[in-house]
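Student: Take a look at the following structure, please.
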Amino acid sequence: MKTRFKITRALLASIRRDLDRPHPFAYERVGFISAGLATAGDNLLILARNYRPLMDHEYLPNISVGAMMGPDAIRSALQWALETGGAMFHVHTHGGFGVPSFSTIDICENAKFVLDFFKVASYAAHGAIVLSNDAVSGQVWCNRNEPYEFIQDFVEVGVPIRKWRGT
């Protein structure tokens, strides 16, 4: 399957601004992107729609990870997925430049909580996105019974249009 993720320049810029804000105790910020999906044959198009950051109180203190989401954060994201009926993508940034990679902790934790979205929106694909300062990488699960795939192509819609290959 070939997967393409599209996001407007304005939405991506607002996500980056939000994720760059300091938090009182977490080392990084995280949020969720809701998205629509379109399929044609063996192709999946993910269209980013909206972004919701975690509220400060939704983080748990934990020095072993950059940011630990509490149960309220997960519950809120699951409710958003249920209400919108769309795909849900966890997002955070690693900074730097070039196509970013997920850390080992990211891969392990994503596999634990992303699959929960299939409980409320089983018909949608769900995943995780990691940003650098100029690129994106992502994982997508098309159903809870198969392993994730990496998103192959990213398109930032604006003037000019920017495209890059994922991991």
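Convention: chains lettered A, B, ... in structure tokens order; per-chain residue numbering from 1; ligands numbered from 1 as shown.
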Taking the DSSP assignment computed from this structure's backbone, write out as a ChimeraX atom specification all residues of chain A that belong to helix (DSSP H, G or I).
Tutor: /A:9-19,56-58,71-84,104-119
Student: The selected residues should be written to file as a compact mmCIF listing (two decimals), in the first residue's frame (atoms: N, CA and C atoms).
Tutor:
```txt
# COMPACT_ATOMS: atom_id res chain seq x y z
N ARG A 9 0.14 24.24 4.98
CA ARG A 9 1.27 24.95 5.59
C ARG A 9 0.84 25.65 6.88
N ALA A 10 -0.35 26.25 6.87
CA ALA A 10 -0.82 26.97 8.06
C ALA A 10 -1.03 26.02 9.24
N LEU A 11 -1.64 24.87 9.00
CA LEU A 11 -1.86 23.92 10.09
C LEU A 11 -0.54 23.38 10.62
N LEU A 12 0.38 23.03 9.73
CA LEU A 12 1.68 22.51 10.16
C LEU A 12 2.45 23.56 10.96
N ALA A 13 2.39 24.81 10.52
CA ALA A 13 3.09 25.89 11.24
C ALA A 13 2.48 26.08 12.63
N SER A 14 1.16 26.00 12.75
CA SER A 14 0.53 26.18 14.06
C SER A 14 0.87 25.02 15.00
N ILE A 15 0.98 23.81 14.45
CA ILE A 15 1.38 22.65 15.26
C ILE A 15 2.81 22.84 15.76
N ARG A 16 3.70 23.24 14.86
CA ARG A 16 5.10 23.44 15.27
C ARG A 16 5.21 24.51 16.35
N ARG A 17 4.45 25.61 16.20
CA ARG A 17 4.49 26.66 17.22
C ARG A 17 4.02 26.12 18.57
N ASP A 18 2.94 25.35 18.55
CA ASP A 18 2.43 24.81 19.80
C ASP A 18 3.43 23.86 20.45
N LEU A 19 4.00 22.97 19.65
CA LEU A 19 4.93 21.98 20.20
C LEU A 19 6.22 22.61 20.71
N ASP A 56 -1.94 21.40 29.78
CA ASP A 56 -0.85 21.22 30.75
C ASP A 56 -1.17 20.17 31.80
N HIS A 57 -2.41 20.12 32.28
CA HIS A 57 -2.78 19.16 33.33
C HIS A 57 -2.89 17.73 32.81
N GLU A 58 -2.84 17.51 31.49
CA GLU A 58 -2.96 16.16 30.94
C GLU A 58 -1.62 15.43 30.86
N PRO A 71 -4.21 9.65 31.69
CA PRO A 71 -5.44 9.04 31.20
C PRO A 71 -6.44 10.06 30.65
N ASP A 72 -6.47 11.28 31.21
CA ASP A 72 -7.38 12.30 30.69
C ASP A 72 -7.04 12.68 29.25
N ALA A 73 -5.76 12.69 28.92
CA ALA A 73 -5.33 13.03 27.56
C ALA A 73 -5.80 11.97 26.57
N ILE A 74 -5.62 10.72 26.93
CA ILE A 74 -6.04 9.63 26.05
C ILE A 74 -7.56 9.62 25.91
N ARG A 75 -8.25 9.78 27.03
CA ARG A 75 -9.71 9.79 27.01
C ARG A 75 -10.24 10.93 26.12
N SER A 76 -9.64 12.09 26.22
CA SER A 76 -10.05 13.24 25.41
C SER A 76 -9.81 12.98 23.92
N ALA A 77 -8.68 12.40 23.58
CA ALA A 77 -8.37 12.09 22.18
C ALA A 77 -9.31 11.02 21.64
N LEU A 78 -9.61 10.01 22.46
CA LEU A 78 -10.56 8.97 22.04
C LEU A 78 -11.95 9.56 21.82
N GLN A 79 -12.35 10.47 22.68
CA GLN A 79 -13.66 11.12 22.53
C GLN A 79 -13.70 11.94 21.24
N TRP A 80 -12.60 12.63 20.95
CA TRP A 80 -12.51 13.43 19.72
C TRP A 80 -12.63 12.52 18.50
N ALA A 81 -11.96 11.39 18.52
CA ALA A 81 -12.05 10.43 17.42
C ALA A 81 -13.48 9.92 17.26
N LEU A 82 -14.13 9.64 18.37
CA LEU A 82 -15.52 9.16 18.34
C LEU A 82 -16.44 10.22 17.75
N GLU A 83 -16.28 11.47 18.18
CA GLU A 83 -17.14 12.56 17.72
C GLU A 83 -16.93 12.90 16.25
N THR A 84 -15.69 12.89 15.80
CA THR A 84 -15.40 13.29 14.42
C THR A 84 -15.50 12.13 13.44
N THR A 104 13.14 4.47 19.87
CA THR A 104 12.70 3.15 20.28
C THR A 104 11.51 3.26 21.24
N ILE A 105 11.57 4.21 22.15
CA ILE A 105 10.46 4.43 23.08
C ILE A 105 9.21 4.85 22.32
N ASP A 106 9.36 5.76 21.34
CA ASP A 106 8.22 6.18 20.53
C ASP A 106 7.54 4.98 19.88
N ILE A 107 8.32 4.13 19.24
CA ILE A 107 7.76 2.97 18.53
C ILE A 107 7.01 2.05 19.49
N CYS A 108 7.59 1.80 20.63
CA CYS A 108 6.97 0.92 21.64
C CYS A 108 5.68 1.54 22.18
N GLU A 109 5.72 2.80 22.57
CA GLU A 109 4.55 3.45 23.16
C GLU A 109 3.45 3.68 22.12
N ASN A 110 3.82 4.05 20.89
CA ASN A 110 2.82 4.24 19.83
C ASN A 110 2.01 2.97 19.65
N ALA A 111 2.69 1.83 19.62
CA ALA A 111 2.01 0.55 19.41
C ALA A 111 1.04 0.23 20.55
N LYS A 112 1.28 0.79 21.73
CA LYS A 112 0.39 0.53 22.86
C LYS A 112 -0.90 1.35 22.77
N PHE A 113 -0.79 2.67 22.53
CA PHE A 113 -1.99 3.50 22.62
C PHE A 113 -2.67 3.80 21.30
N VAL A 114 -1.97 3.77 20.18
CA VAL A 114 -2.62 4.06 18.90
C VAL A 114 -3.70 3.03 18.61
N LEU A 115 -3.46 1.79 18.96
CA LEU A 115 -4.45 0.74 18.70
C LEU A 115 -5.76 0.97 19.45
N ASP A 116 -5.74 1.75 20.55
CA ASP A 116 -6.97 2.06 21.28
C ASP A 116 -7.96 2.83 20.42
N PHE A 117 -7.48 3.58 19.43
CA PHE A 117 -8.39 4.36 18.59
C PHE A 117 -9.29 3.47 17.74
N PHE A 118 -8.88 2.25 17.50
CA PHE A 118 -9.73 1.33 16.74
C PHE A 118 -10.96 0.92 17.55
N LYS A 119 -10.94 1.11 18.87
CA LYS A 119 -12.10 0.79 19.70
C LYS A 119 -13.24 1.77 19.46
```
Student: Identify, with DSSP run on backbone atoms, the residues in stretch 50-98 of chain A assigned to strand (DSSP E or B), and express the list as an MDAnalysis selection string.
Tutor: chainID A and resid 50:53 59:60 68:69 87:93
Student: Tell me which protein, DNA and RNA residues are within 7 Å of A:Val157, counting only C-alpha atoms, leaving out same-chain ones fewer than 2 positions away, and put them as a list in words.
Tutor: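 That gives Lys6, Ile7, Thr8, Arg9, Val155, Ile161 and Arg162 of chain A.
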Student: Could the residues in this selection be written to a file with C-alpha atoms, as a JSON list (two decimals), in the first residue's frame?
Tutor:
```json
[["chain", "number", "residue", "atom", "x", "y", "z"],
["A", 6, "LYS", "CA", -1.23, 15.97, 3.24],
["A", 7, "ILE", "CA", -1.30, 18.97, 5.56],
["A", 8, "THR", "CA", -1.69, 22.69, 4.92],
["A", 9, "ARG", "CA", 1.27, 24.95, 5.59],
["A", 155, "VAL", "CA", 2.88, 16.98, 1.10],
["A", 161, "ILE", "CA", 4.00, 23.03, -2.38],
["A", 162, "ARG", "CA", 6.65, 21.02, -0.50]]
```
Student: Quick one, how far is atom CA of A:Val136 from atom CA of A:Arg29?
Tutor: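 Taking atom CA of A:Val136 as the start and atom CA of A:Arg29 as the end point, the length is 16.1 Å.
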Student: Please determine, counting only C-alpha atoms, which residue among A:Gly96, A:Pro160, A:Gly66, A:Gly41 has the shortest atom-to-atom distance to A:Phe25.
Tutor: A:Gly66
